[in-house]
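S.K.: This is the structure I have questions about; it appears just below.
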Amino acid sequence: MSEERFGEFVLVRRHGDGGHVAELVLDRPKAMNAMSTEMARSVGGACAALGEDRDVRAVVLTSTHERAFCVGADLKERNSFTDADLRRQRPVSRGAYTGVLELPMPTVAAVHGFALGGGYELALACDVIVADPTAVVGLPEVSVGVIPGGGGTQLLPRRVGAARAAELIFTARRVEAGEARELGLVDVLVEEGRDREEALAMAARIAGNSPVGLRAAKRALRLGQGLDLRAGLEVEDAAWRTTAFSGDRAEGVAAFNEKRAARWPGE
């Protein structure tokens, strides 16, 4: 396993032979991973590096804090901001959330403890959310005079529908793990303390598949959302074509017929 630090509060670990699974670690434990300007800049920088790394096939977003994934924006920092400061910070803040959202490979969030506001929006930006029973999620921004600004108003209804998202955002309520799983706010509920381990195991299974296929499948899933069926099928066809004539497709078919593990060229 290799490690690379991005600023003071973000760490990237690469797991396994080839570093095909990358772990994006939120590492600001003294503030329960509250998203400061510096931390947001580091998340964005780490995502930019991961997005360009063709060896990475899956990313897991984790936390070093025992009782929190991320509690959202750093309101202590925000309390000192002028309006001009807030305007200047906005592109940096958006860069963190869009950085996770636009990663081209599959992403898995490992959530325990509090994942609130921007913290839950980081998880929402991932493709799959694994949580343990201590998880508490929610978008409480209207209770402090703003709205979810890290993608929450757009990503949550895509998960749970418009009416359910409205209820959760308008009431600003916190949702514990069991109900969160029932409502679809998280996808997989695991034993306490095993969210990271299970998320990494899922990522390892994902990373065993074709990197060309994984990126194309994610692109089709994301671009097809909100389109009518005919348009969505065109998106799928375009993504299929990027795989059908790739080295990965040729290797996958050969490996299947030769009854061996595929050695993906990744192109």
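Letters A, B, ... mark the chains of the structure tokens in the order given; residue numbers begin at 1 per chain; ligand numbers begin at 1, in order shown.
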Could you give me, as CSV, a per-residue list for range 144-216 of chain A showing, wherever an atom lies at most 10 Å from an atom of range 252-261 of chain A, the closest pair of atoms and their distance in Å to one decimal, using only C-alpha atoms and sorting by chain then residue number from low to high?

M.R.:
```
residue,atom,partner,partner_atom,distance
A:Gly208,CA,A:Ala261,CA,9.2
A:Asn209,CA,A:Gly252,CA,9.1
A:Ser210,CA,A:Gly252,CA,7.8
```

S.K.: Can you pull out the residues contacting range 33-48 of chain A? Cut-off 6 Å, using only C-alpha atoms, and skip same-chain residues under 2 positions away; I want them as a list in words.

M.R.: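 These residues fall inside the cut-off: Phe6, Gly7, Phe9, Arg28, Pro29, Ala31, Leu50, Gly51, Cys70, Val71, Gly72, Ala73, Asp74, Val92, Ser93, Gly95, Ala96 and Gly99 of chain A.
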
S.K.: Set the distance at 9 Å and use only C-alpha atoms: which residues neighbour Leu223 in chain A once local chain neighbours fewer than 5 positions away are removed? I'd like the list as a PyMOL selection string.

M.R.: chain A and resi 218+232+235-236

S.K.: Would you export the selected residues with N, CA and C atoms as a PDB file, in the first residue's frame, please?

M.R.:
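Final output, again-v4.pdb:
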```
ATOM      1  N   LYS A 218     -20.237   3.524 -16.035  1.00  0.00           N
ATOM      2  CA  LYS A 218     -20.541   4.671 -15.174  1.00  0.00           C
ATOM      3  C   LYS A 218     -20.993   5.861 -16.010  1.00  0.00           C
ATOM      4  N   GLY A 232     -31.824   7.777 -23.697  1.00  0.00           N
ATOM      5  CA  GLY A 232     -30.965   7.009 -22.814  1.00  0.00           C
ATOM      6  C   GLY A 232     -30.328   5.823 -23.520  1.00  0.00           C
ATOM      7  N   VAL A 235     -27.373   6.994 -25.428  1.00  0.00           N
ATOM      8  CA  VAL A 235     -26.228   7.162 -24.534  1.00  0.00           C
ATOM      9  C   VAL A 235     -25.572   5.808 -24.271  1.00  0.00           C
ATOM     10  N   GLU A 236     -26.412   4.806 -23.994  1.00  0.00           N
ATOM     11  CA  GLU A 236     -25.881   3.471 -23.746  1.00  0.00           C
ATOM     12  C   GLU A 236     -25.138   2.927 -24.959  1.00  0.00           C
TER      13      GLU A 236
END
```

S.K.: Point out the residue among A:Gly119, A:Gly178, A:Pro106, A:Gly145 with the least atom-to-atom distance to Ala22 in chain A, counting only C-alpha atoms.

M.R.: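 Checking each candidate against Ala22 in chain A, we get A:Pro106 as the closest.
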
S.K.: Measuring between only C-alpha atoms, which one of A:Gly213, A:Ala115, A:Asp248, A:Ala231 shows the shortest distance to Leu185 in chain A?

M.R.: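 Once distances to Leu185 in chain A are computed over only C-alpha atoms, the minimum belongs to A:Ala115.
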
S.K.: Let me make sure I understand: among A:Val146, A:Leu61, A:Val56, A:Val108, which one has the smallest atom-to-atom distance to Gly18 in chain A if we use only C-alpha atoms?

M.R.: A:Val56

S.K.: Could you check how far CA of Ala250 in chain A sits from CA of Gly16 in chain A, in Å to one decimal?

M.R.: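 Value for the CA of Ala250 in chain A-CA of Gly16 in chain A distance: 24.7 Å.
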
S.K.: Might you pull out every residue within 10 Å of Arg205 in chain A, with only C-alpha atoms counted and same-chain residues fewer than 4 positions away left off, and present them as number ranges by chain?

M.R.: A: 21, 58, 199-201, 209

S.K.: Give me the residues within 8 Å of Val25 in chain A as a list in words, counting only C-alpha atoms and dropping any in the same chain fewer than 3 places off.

M.R.: Val10, Leu11, Val12, Arg13, Leu61, Thr62, Ser63 and Thr64 of chain A

S.K.: Any chance you can output those residues with C-alpha atoms as a PDB file, in the first residue's frame?

M.R.:
```
ATOM      1  CA  VAL A  10      -6.590  14.583   2.788  1.00  0.00           C
ATOM      2  CA  LEU A  11      -4.761  11.329   2.193  1.00  0.00           C
ATOM      3  CA  VAL A  12      -4.838   8.958  -0.786  1.00  0.00           C
ATOM      4  CA  ARG A  13      -3.920   5.320  -0.244  1.00  0.00           C
ATOM      5  CA  LEU A  61     -14.125   7.574   0.300  1.00  0.00           C
ATOM      6  CA  THR A  62     -13.384   7.063   4.014  1.00  0.00           C
ATOM      7  CA  SER A  63     -12.861   8.952   7.265  1.00  0.00           C
ATOM      8  CA  THR A  64     -10.270   8.713  10.033  1.00  0.00           C
TER       9      THR A  64
END
```

S.K.: So that I can check the secondary structure, give me every residue of range 75-201 of chain A assigned strand (DSSP E) by backbone DSSP, as a list in words.

M.R.: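 Output for range 75-201 of chain A, strand (DSSP E) only: Thr107, Val108, Ala109, Ala110, Val111, Phe114, Ala115, Leu116, Val128, Ile129, Val130, Ala131, Val136, Val137, Gly138, Val175, Glu176, Val188 and Leu189 of chain A.
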
S.K.: Could you list, as a ChimeraX atom specification, every residue within 7 Å of range 157-170 of chain A, counting only C-alpha atoms and ignoring same-chain residues fewer than 2 positions away?

M.R.: /A:139-140,142,153-155,172-173,183-184

S.K.: Using only C-alpha atoms, determine which residues lie at most 12 Å from Val186 in chain A, disregarding the query and same-chain residues fewer than 3 positions distant; provide the list as a PyMOL selection string.

M.R.: chain A and resi 108-112+115+120-121+123-133+135-138+156+159-160+175-183+189-190+195
